[in-house]
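A.B. asks: Below you'll find model.txt; it's compact mmCIF, N, CA and C atoms.
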```
# COMPACT_ATOMS: atom_id res chain seq x y z
N MET A 30 12.27 0.69 78.46
CA MET A 30 12.45 0.46 77.04
C MET A 30 11.10 0.62 76.34
N LEU A 31 11.14 1.13 75.13
CA LEU A 31 9.94 1.34 74.34
C LEU A 31 10.18 0.90 72.92
N LYS A 32 9.17 0.26 72.36
CA LYS A 32 9.24 -0.18 70.97
C LYS A 32 8.10 0.46 70.20
N LEU A 33 8.40 0.97 69.01
CA LEU A 33 7.38 1.56 68.14
C LEU A 33 7.28 0.70 66.89
N GLU A 34 6.06 0.25 66.59
CA GLU A 34 5.81 -0.53 65.37
C GLU A 34 4.83 0.24 64.51
N GLN A 35 5.12 0.36 63.21
CA GLN A 35 4.19 1.04 62.31
C GLN A 35 3.92 0.18 61.10
N HIS A 36 2.64 0.05 60.78
CA HIS A 36 2.21 -0.59 59.55
C HIS A 36 1.23 0.37 58.89
N LYS A 37 1.72 1.11 57.93
CA LYS A 37 0.95 2.13 57.21
C LYS A 37 0.32 3.12 58.18
N SER A 38 -1.00 3.07 58.37
CA SER A 38 -1.70 4.06 59.20
C SER A 38 -1.87 3.62 60.65
N GLN A 39 -1.25 2.51 61.02
CA GLN A 39 -1.37 1.99 62.38
C GLN A 39 -0.01 2.04 63.08
N VAL A 40 0.02 2.68 64.23
CA VAL A 40 1.24 2.72 65.04
C VAL A 40 0.93 2.10 66.39
N LYS A 41 1.83 1.28 66.87
CA LYS A 41 1.65 0.65 68.18
C LYS A 41 2.90 0.92 69.01
N LEU A 42 2.68 1.41 70.22
CA LEU A 42 3.77 1.60 71.17
C LEU A 42 3.72 0.49 72.20
N LEU A 43 4.88 -0.08 72.52
CA LEU A 43 4.97 -1.16 73.50
C LEU A 43 6.10 -0.84 74.48
N GLY A 44 5.80 -0.89 75.77
CA GLY A 44 6.81 -0.65 76.78
C GLY A 44 6.53 0.57 77.63
N GLU A 45 7.59 1.20 78.11
CA GLU A 45 7.46 2.34 79.01
C GLU A 45 7.61 3.65 78.26
N LEU A 46 6.72 4.58 78.53
CA LEU A 46 6.79 5.92 77.96
C LEU A 46 7.20 6.85 79.10
N ASN A 47 8.52 7.09 79.22
CA ASN A 47 9.05 7.89 80.33
C ASN A 47 9.98 8.98 79.78
N PHE A 48 10.64 9.72 80.65
CA PHE A 48 11.50 10.82 80.21
C PHE A 48 12.56 10.37 79.21
N GLU A 49 13.17 9.23 79.47
CA GLU A 49 14.24 8.73 78.59
C GLU A 49 13.70 8.32 77.23
N THR A 50 12.64 7.51 77.21
CA THR A 50 12.13 7.03 75.92
C THR A 50 11.46 8.15 75.14
N VAL A 51 10.82 9.09 75.82
CA VAL A 51 10.21 10.23 75.13
C VAL A 51 11.29 11.07 74.48
N ALA A 52 12.40 11.30 75.19
CA ALA A 52 13.51 12.09 74.63
C ALA A 52 14.05 11.42 73.36
N GLN A 53 14.17 10.11 73.38
CA GLN A 53 14.64 9.38 72.20
C GLN A 53 13.68 9.55 71.03
N LEU A 54 12.37 9.44 71.31
CA LEU A 54 11.38 9.57 70.24
C LEU A 54 11.29 11.00 69.71
N LEU A 55 11.47 11.98 70.59
CA LEU A 55 11.43 13.38 70.14
C LEU A 55 12.66 13.73 69.31
N ASN A 56 13.80 13.14 69.64
CA ASN A 56 15.03 13.43 68.90
C ASN A 56 15.04 12.82 67.51
N LYS A 57 14.36 11.72 67.34
CA LYS A 57 14.24 11.12 66.01
C LYS A 57 12.86 10.51 65.89
N SER A 58 11.98 11.26 65.28
CA SER A 58 10.61 10.77 65.13
C SER A 58 10.62 9.53 64.26
N GLU A 59 10.09 8.46 64.79
CA GLU A 59 10.09 7.20 64.07
C GLU A 59 8.78 6.98 63.29
N ILE A 60 7.87 7.92 63.38
CA ILE A 60 6.62 7.78 62.64
C ILE A 60 6.83 8.29 61.22
N ASP A 61 6.45 7.46 60.26
CA ASP A 61 6.53 7.84 58.85
C ASP A 61 5.16 8.33 58.41
N PHE A 62 4.98 9.65 58.40
CA PHE A 62 3.70 10.23 58.02
C PHE A 62 3.41 10.06 56.52
N ASN A 63 4.46 9.78 55.73
CA ASN A 63 4.28 9.65 54.28
C ASN A 63 3.58 8.37 53.87
N CYS A 64 3.57 7.37 54.73
CA CYS A 64 2.92 6.10 54.36
C CYS A 64 1.51 5.97 54.95
N VAL A 65 1.02 7.04 55.57
CA VAL A 65 -0.31 7.03 56.18
C VAL A 65 -1.37 7.05 55.08
N GLU A 66 -2.35 6.15 55.20
CA GLU A 66 -3.44 6.07 54.23
C GLU A 66 -4.65 6.85 54.74
N ASN A 67 -5.40 7.45 53.83
CA ASN A 67 -6.64 8.17 54.14
C ASN A 67 -6.46 9.31 55.13
N LYS A 68 -5.24 9.82 55.23
CA LYS A 68 -4.96 10.99 56.08
C LYS A 68 -5.36 10.79 57.54
N LEU A 69 -5.34 9.52 58.02
CA LEU A 69 -5.68 9.21 59.41
C LEU A 69 -4.66 8.25 59.99
N LEU A 70 -3.99 8.68 61.05
CA LEU A 70 -3.01 7.86 61.74
C LEU A 70 -3.58 7.46 63.10
N LYS A 71 -3.59 6.16 63.36
CA LYS A 71 -4.11 5.64 64.63
C LYS A 71 -2.94 5.12 65.46
N VAL A 72 -2.80 5.67 66.66
CA VAL A 72 -1.71 5.28 67.56
C VAL A 72 -2.30 4.51 68.74
N ASP A 73 -1.93 3.25 68.85
CA ASP A 73 -2.43 2.37 69.91
C ASP A 73 -1.49 2.46 71.11
N LEU A 74 -2.03 2.92 72.23
CA LEU A 74 -1.25 3.07 73.47
C LEU A 74 -1.56 1.97 74.49
N SER A 75 -2.33 0.99 74.09
CA SER A 75 -2.80 -0.03 75.05
C SER A 75 -1.69 -0.90 75.61
N GLN A 76 -0.55 -0.98 74.93
CA GLN A 76 0.55 -1.83 75.40
C GLN A 76 1.66 -1.04 76.09
N VAL A 77 1.39 0.23 76.39
CA VAL A 77 2.37 1.04 77.12
C VAL A 77 2.14 0.80 78.61
N SER A 78 3.20 0.41 79.30
CA SER A 78 3.06 -0.02 80.69
C SER A 78 3.13 1.13 81.70
N SER A 79 3.77 2.25 81.34
CA SER A 79 3.81 3.37 82.27
C SER A 79 3.93 4.69 81.51
N PHE A 80 3.39 5.73 82.12
CA PHE A 80 3.37 7.07 81.54
C PHE A 80 3.82 8.07 82.59
N ASN A 81 4.27 9.25 82.14
CA ASN A 81 4.50 10.37 83.03
C ASN A 81 4.24 11.65 82.25
N SER A 82 4.59 12.79 82.83
CA SER A 82 4.27 14.06 82.18
C SER A 82 4.97 14.22 80.83
N ALA A 83 6.11 13.59 80.65
CA ALA A 83 6.82 13.65 79.37
C ALA A 83 5.98 13.04 78.25
N SER A 84 5.14 12.08 78.62
CA SER A 84 4.26 11.44 77.63
C SER A 84 3.37 12.46 76.95
N MET A 85 2.89 13.43 77.72
CA MET A 85 2.02 14.46 77.16
C MET A 85 2.76 15.28 76.11
N ALA A 86 4.01 15.60 76.39
CA ALA A 86 4.82 16.38 75.44
C ALA A 86 4.95 15.63 74.12
N LEU A 87 5.18 14.32 74.20
CA LEU A 87 5.31 13.52 72.98
C LEU A 87 4.01 13.49 72.19
N LEU A 88 2.90 13.23 72.86
CA LEU A 88 1.61 13.13 72.16
C LEU A 88 1.23 14.47 71.53
N ILE A 89 1.52 15.56 72.22
CA ILE A 89 1.23 16.89 71.66
C ILE A 89 2.14 17.16 70.46
N GLU A 90 3.41 16.80 70.57
CA GLU A 90 4.34 17.02 69.45
C GLU A 90 3.91 16.21 68.24
N TRP A 91 3.52 14.95 68.43
CA TRP A 91 3.06 14.14 67.31
C TRP A 91 1.79 14.73 66.70
N MET A 92 0.93 15.29 67.53
CA MET A 92 -0.28 15.92 67.01
C MET A 92 0.09 17.13 66.14
N LYS A 93 1.05 17.92 66.59
CA LYS A 93 1.50 19.08 65.81
C LYS A 93 2.11 18.63 64.48
N LEU A 94 2.97 17.62 64.54
CA LEU A 94 3.60 17.10 63.31
C LEU A 94 2.56 16.57 62.34
N SER A 95 1.59 15.84 62.86
CA SER A 95 0.56 15.28 61.98
C SER A 95 -0.25 16.40 61.33
N ASN A 96 -0.57 17.44 62.09
CA ASN A 96 -1.29 18.58 61.52
C ASN A 96 -0.49 19.24 60.41
N GLN A 97 0.82 19.39 60.61
CA GLN A 97 1.69 19.97 59.58
C GLN A 97 1.70 19.14 58.31
N LYS A 98 1.55 17.83 58.45
CA LYS A 98 1.56 16.91 57.30
C LYS A 98 0.16 16.72 56.71
N GLY A 99 -0.84 17.36 57.31
CA GLY A 99 -2.20 17.21 56.83
C GLY A 99 -2.82 15.87 57.19
N VAL A 100 -2.36 15.29 58.29
CA VAL A 100 -2.82 13.97 58.74
C VAL A 100 -3.52 14.14 60.09
N GLN A 101 -4.68 13.49 60.22
CA GLN A 101 -5.36 13.48 61.51
C GLN A 101 -4.79 12.34 62.34
N ILE A 102 -4.56 12.59 63.62
CA ILE A 102 -4.01 11.55 64.51
C ILE A 102 -5.03 11.25 65.60
N LYS A 103 -5.15 9.97 65.93
CA LYS A 103 -6.04 9.54 67.02
C LYS A 103 -5.26 8.58 67.90
N TYR A 104 -5.33 8.83 69.20
CA TYR A 104 -4.68 7.97 70.18
C TYR A 104 -5.74 7.06 70.78
N SER A 105 -5.50 5.76 70.73
CA SER A 105 -6.49 4.82 71.25
C SER A 105 -5.86 3.88 72.25
N GLY A 106 -6.71 3.15 72.94
CA GLY A 106 -6.23 2.25 73.98
C GLY A 106 -5.58 3.01 75.11
N VAL A 107 -6.09 4.19 75.38
CA VAL A 107 -5.47 5.09 76.37
C VAL A 107 -5.82 4.61 77.79
N PRO A 108 -4.80 4.22 78.55
CA PRO A 108 -5.05 3.79 79.93
C PRO A 108 -5.52 4.95 80.81
N GLU A 109 -6.18 4.61 81.89
CA GLU A 109 -6.71 5.61 82.82
C GLU A 109 -5.61 6.51 83.37
N GLN A 110 -4.42 5.95 83.60
CA GLN A 110 -3.30 6.73 84.12
C GLN A 110 -2.97 7.91 83.19
N LEU A 111 -2.95 7.68 81.89
CA LEU A 111 -2.63 8.75 80.94
C LEU A 111 -3.78 9.75 80.84
N THR A 112 -5.00 9.27 80.92
CA THR A 112 -6.15 10.17 80.90
C THR A 112 -6.10 11.13 82.09
N LYS A 113 -5.73 10.61 83.24
CA LYS A 113 -5.61 11.46 84.45
C LYS A 113 -4.50 12.50 84.28
N ILE A 114 -3.37 12.10 83.69
CA ILE A 114 -2.29 13.05 83.45
C ILE A 114 -2.77 14.14 82.49
N ALA A 115 -3.46 13.75 81.44
CA ALA A 115 -3.98 14.73 80.46
C ALA A 115 -4.95 15.69 81.12
N GLN A 116 -5.80 15.19 82.00
CA GLN A 116 -6.75 16.06 82.71
C GLN A 116 -6.02 17.01 83.64
N ALA A 117 -4.99 16.52 84.33
CA ALA A 117 -4.23 17.35 85.26
C ALA A 117 -3.51 18.49 84.54
N TYR A 118 -3.08 18.24 83.32
CA TYR A 118 -2.37 19.26 82.55
C TYR A 118 -3.31 20.06 81.65
N GLY A 119 -4.61 19.77 81.70
CA GLY A 119 -5.58 20.50 80.89
C GLY A 119 -5.51 20.16 79.42
N CYS A 120 -5.01 18.98 79.09
CA CYS A 120 -4.84 18.56 77.69
C CYS A 120 -5.92 17.60 77.21
N SER A 121 -6.78 17.15 78.08
CA SER A 121 -7.73 16.10 77.72
C SER A 121 -8.71 16.54 76.64
N GLN A 122 -9.00 17.83 76.55
CA GLN A 122 -9.92 18.32 75.52
C GLN A 122 -9.20 18.57 74.19
N VAL A 123 -7.89 18.72 74.24
CA VAL A 123 -7.11 19.03 73.05
C VAL A 123 -6.65 17.77 72.32
N LEU A 124 -6.22 16.79 73.08
CA LEU A 124 -5.69 15.55 72.49
C LEU A 124 -6.84 14.60 72.13
N PRO A 125 -6.72 13.97 70.95
CA PRO A 125 -7.74 13.00 70.53
C PRO A 125 -7.52 11.65 71.20
N LEU A 126 -7.98 11.52 72.46
CA LEU A 126 -7.75 10.32 73.25
C LEU A 126 -9.02 9.48 73.36
N THR A 127 -8.88 8.18 73.26
CA THR A 127 -9.98 7.27 73.50
C THR A 127 -9.45 6.00 74.19
N ASP A 128 -10.27 5.39 75.02
CA ASP A 128 -9.81 4.20 75.72
C ASP A 128 -10.07 2.93 74.92
N GLU A 129 -10.69 3.07 73.76
CA GLU A 129 -10.96 1.90 72.91
C GLU A 129 -10.04 1.93 71.73
N PHE A 130 -9.72 0.75 71.19
CA PHE A 130 -8.94 0.68 69.96
C PHE A 130 -9.83 0.13 68.87
N LYS A 131 -10.00 0.96 67.85
CA LYS A 131 -10.81 0.54 66.71
C LYS A 131 -9.98 0.69 65.46
N SER A 132 -9.88 -0.37 64.70
CA SER A 132 -9.09 -0.34 63.46
C SER A 132 -9.80 0.43 62.38
```
For this file, produce the structure as structure tokens.

C.D. replies:
Amino acid sequence: MLKLEQHKSQVKLLGELNFETVAQLLNKSEIDFNCVENKLLKVDLSQVSSFNSASMALLIEWMKLSNQKGVQIKYSGVPEQLTKIAQAYGCSQVLPLTDEFKS
């Protein structure tokens, strides 16, 4: 199960990011890019308990959507497990990932 919470420019994911939950999020994007302030959206991944390769597809899709809306996206609180997946898929240089969360 995965929960997405958004307060203006802050998004927090809580739970598991797996094939099932990624498919749900891709089918209906729950991020409201229209309420983002200062053209910067910060996505906190620190409360996500598990990741897999589907997670990369979601993060890349959100990055594409944010670019289309003229919004910069930053993923923070990135666990080591997700960083390793990004490196394995050659996405670590493309995705704006950081292991720290800064408001």

A.B. asks: Out of A:Asn67, A:Ala115, A:Ser84, A:Gln97, which residue has the shortest atom-to-atom distance to A:Asn47 when counting all atoms listed in the file?

C.D. replies: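 Looking only at the distances to A:Asn47, the closest residue turns out to be A:Ser84.
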
A.B. asks: Hey, which of A:Val107, A:Cys120, A:Met85, A:Cys64 ends up closest to A:Phe48? Count only C-alpha atoms.

C.D. replies: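 Of A:Val107, A:Cys120, A:Met85, A:Cys64, the one nearest A:Phe48 is A:Met85, counting only C-alpha atoms.
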
A.B. asks: Select from chain A everything DSSP, run on the backbone, classes as alpha helix (DSSP H), then give the selection as number ranges by chain.

C.D. replies: A: 48-56, 82-97, 109-117

A.B. asks: Identify the residues around (9.9, 14.3, 75.0) within a radius of 12 Å, measuring from only C-alpha atoms in the coordinates stated by the file, and give them as a list of chain:residue names.

C.D. replies: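 Collected hits near the coordinates: A:Leu46, A:Asn47, A:Phe48, A:Glu49, A:Thr50, A:Val51, A:Ala52, A:Gln53, A:Leu54, A:Leu55, A:Asn56, A:Lys57, A:Ser58, A:Phe80, A:Asn81, A:Ser82, A:Ala83, A:Ser84, A:Met85, A:Ala86, A:Leu87, A:Leu88, A:Ile89, A:Glu90, A:Trp91.
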
A.B. asks: Which residue gives the smallest distance to A:Lys37 among A:Asn63, A:Gln76, A:Ser95, A:Thr127, with only N, CA and C atoms counted?

C.D. replies: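 Under the stated criterion, the closest residue is A:Asn63.
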
A.B. asks: Let's see if you can do this: from backbone DSSP, list all strand (DSSP E or B) residues in stretch 51-121 of chain A, as a ChimeraX atom specification.

C.D. replies: /A:69-79,101-105

A.B. asks: Rounded to one decimal in Å, what is the spacing between atom C of A:Ala117 and atom C of A:Gln39?

C.D. replies: 27.3 Å

A.B. asks: Just checking: using all atoms listed in the file, which residue out of A:Gln122, A:Asn96, A:Gln116, A:Gln35 ends up closest to A:Glu59?

C.D. replies: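 Of all the options, A:Gln35 lies closest to A:Glu59.
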
A.B. asks: Name the residues within 6.5 Å of (-2.6, 4.4, 72.2), counting all atoms listed in the file in the file's coordinates, and put them as a list of chain:residue names.

C.D. replies: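 Residues satisfying the cut-off, written out: A:Leu42, A:Val72, A:Asp73, A:Leu74, A:Ser75, A:Gln76, A:Tyr104, A:Ser105, A:Gly106, A:Val107.
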
A.B. asks: Limited to N, CA and C atoms, could you put the picked residues into a file as a short mmCIF file (atom, residue, chain, number, x, y, z; two decimals), keeping the file's coordinate frame?

C.D. replies:
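Resulting contents of out-v4.cif:
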```cif
data_model
loop_
_atom_site.label_atom_id
_atom_site.label_comp_id
_atom_site.auth_asym_id
_atom_site.auth_seq_id
_atom_site.Cartn_x
_atom_site.Cartn_y
_atom_site.Cartn_z
N LEU A 42 2.68 1.41 70.22
CA LEU A 42 3.77 1.60 71.17
C LEU A 42 3.72 0.49 72.20
N VAL A 72 -2.80 5.67 66.66
CA VAL A 72 -1.71 5.28 67.56
C VAL A 72 -2.30 4.51 68.74
N ASP A 73 -1.93 3.25 68.85
CA ASP A 73 -2.43 2.37 69.91
C ASP A 73 -1.49 2.46 71.11
N LEU A 74 -2.03 2.92 72.23
CA LEU A 74 -1.25 3.07 73.47
C LEU A 74 -1.56 1.97 74.49
N SER A 75 -2.33 0.99 74.09
CA SER A 75 -2.80 -0.03 75.05
C SER A 75 -1.69 -0.90 75.61
N GLN A 76 -0.55 -0.98 74.93
CA GLN A 76 0.55 -1.83 75.40
C GLN A 76 1.66 -1.04 76.09
N TYR A 104 -5.33 8.83 69.20
CA TYR A 104 -4.68 7.97 70.18
C TYR A 104 -5.74 7.06 70.78
N SER A 105 -5.50 5.76 70.73
CA SER A 105 -6.49 4.82 71.25
C SER A 105 -5.86 3.88 72.25
N GLY A 106 -6.71 3.15 72.94
CA GLY A 106 -6.23 2.25 73.98
C GLY A 106 -5.58 3.01 75.11
N VAL A 107 -6.09 4.19 75.38
CA VAL A 107 -5.47 5.09 76.37
C VAL A 107 -5.82 4.61 77.79
#
```

A.B. asks: For a quick check of understanding, using all atoms listed in the file, which of A:Leu126, A:Val40, A:Leu111, A:Leu33 has the smallest distance to A:Ser79?

C.D. replies: A:Leu111

A.B. asks: For atom CA of A:Ile114 and atom C of A:Lys71, quote the distance in Å rounded to one decimal.

C.D. replies: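 We find that atom CA of A:Ile114 and atom C of A:Lys71 lie 19.7 Å from each other.
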
A.B. asks: Tell me which protein, DNA and RNA residues are within 6 Å of A:Glu45, counting all atoms listed in the file, leaving out same-chain ones fewer than 2 positions away, and put them as a tab-separated table (two decimals) with N, CA and C atoms, in the frame of the given file.

C.D. replies:
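This is the output file out_12.tsv:
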```
chain	number	residue	atom	x	y	z
A	30	MET	N	12.27	0.69	78.46
A	30	MET	CA	12.45	0.46	77.04
A	30	MET	C	11.10	0.62	76.34
A	31	LEU	N	11.14	1.13	75.13
A	31	LEU	CA	9.94	1.34	74.34
A	31	LEU	C	10.18	0.90	72.92
A	43	LEU	N	4.88	-0.08	72.52
A	43	LEU	CA	4.97	-1.16	73.50
A	43	LEU	C	6.10	-0.84	74.48
A	47	ASN	N	8.52	7.09	79.22
A	47	ASN	CA	9.05	7.89	80.33
A	47	ASN	C	9.98	8.98	79.78
A	77	VAL	N	1.39	0.23	76.39
A	77	VAL	CA	2.37	1.04	77.12
A	77	VAL	C	2.14	0.80	78.61
A	78	SER	N	3.20	0.41	79.30
A	78	SER	CA	3.06	-0.02	80.69
A	78	SER	C	3.13	1.13	81.70
A	79	SER	N	3.77	2.25	81.34
A	79	SER	CA	3.81	3.37	82.27
A	79	SER	C	3.93	4.69	81.51
```

A.B. asks: Please provide as a PyMOL selection string all residues within 12 Å of A:Lys98, with the sequence filter that same-chain residues fewer than 5 positions apart are discarded (counting only C-alpha atoms).

C.D. replies: chain A and resi 60-65+68-70+91-93

A.B. asks: Suppose you want the space between atom N of A:Ile102 and atom CA of A:Pro125; what is it in Å?

C.D. replies: 7.6 Å

A.B. asks: For stretch 68-81 of chain A in the structure I just supplied, write out N, CA and C atoms - as a JSON list (two decimals), in the first residue's frame.

C.D. replies:
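For reference, result22.json as written:
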```
[["chain", "number", "residue", "atom", "x", "y", "z"],
["A", 68, "LYS", "N", 7.64, 27.20, -8.81],
["A", 68, "LYS", "CA", 8.04, 26.28, -9.89],
["A", 68, "LYS", "C", 9.00, 25.19, -9.42],
["A", 69, "LEU", "N", 8.90, 24.80, -8.12],
["A", 69, "LEU", "CA", 9.76, 23.74, -7.57],
["A", 69, "LEU", "C", 8.91, 22.78, -6.75],
["A", 70, "LEU", "N", 8.91, 21.52, -7.14],
["A", 70, "LEU", "CA", 8.18, 20.48, -6.43],
["A", 70, "LEU", "C", 9.19, 19.56, -5.75],
["A", 71, "LYS", "N", 9.03, 19.38, -4.45],
["A", 71, "LYS", "CA", 9.92, 18.52, -3.68],
["A", 71, "LYS", "C", 9.17, 17.26, -3.27],
["A", 72, "VAL", "N", 9.71, 16.11, -3.67],
["A", 72, "VAL", "CA", 9.08, 14.82, -3.37],
["A", 72, "VAL", "C", 9.95, 14.08, -2.36],
["A", 73, "ASP", "N", 9.40, 13.85, -1.18],
["A", 73, "ASP", "CA", 10.10, 13.18, -0.09],
["A", 73, "ASP", "C", 9.85, 11.68, -0.18],
["A", 74, "LEU", "N", 10.93, 10.92, -0.38],
["A", 74, "LEU", "CA", 10.84, 9.46, -0.51],
["A", 74, "LEU", "C", 11.31, 8.74, 0.76],
["A", 75, "SER", "N", 11.58, 9.49, 1.81],
["A", 75, "SER", "CA", 12.19, 8.89, 3.01],
["A", 75, "SER", "C", 11.28, 7.91, 3.73],
["A", 76, "GLN", "N", 9.97, 7.99, 3.51],
["A", 76, "GLN", "CA", 9.04, 7.09, 4.19],
["A", 76, "GLN", "C", 8.57, 5.93, 3.31],
["A", 77, "VAL", "N", 9.23, 5.75, 2.17],
["A", 77, "VAL", "CA", 8.89, 4.61, 1.30],
["A", 77, "VAL", "C", 9.70, 3.41, 1.78],
["A", 78, "SER", "N", 9.00, 2.32, 2.06],
["A", 78, "SER", "CA", 9.65, 1.17, 2.68],
["A", 78, "SER", "C", 10.30, 0.22, 1.69],
["A", 79, "SER", "N", 9.84, 0.19, 0.44],
["A", 79, "SER", "CA", 10.48, -0.69, -0.54],
["A", 79, "SER", "C", 10.33, -0.11, -1.94],
["A", 80, "PHE", "N", 11.30, -0.44, -2.78],
["A", 80, "PHE", "CA", 11.36, 0.03, -4.15],
["A", 80, "PHE", "C", 11.67, -1.14, -5.07],
["A", 81, "ASN", "N", 11.35, -0.99, -6.36],
["A", 81, "ASN", "CA", 11.80, -1.93, -7.38],
["A", 81, "ASN", "C", 11.96, -1.15, -8.68]]
```
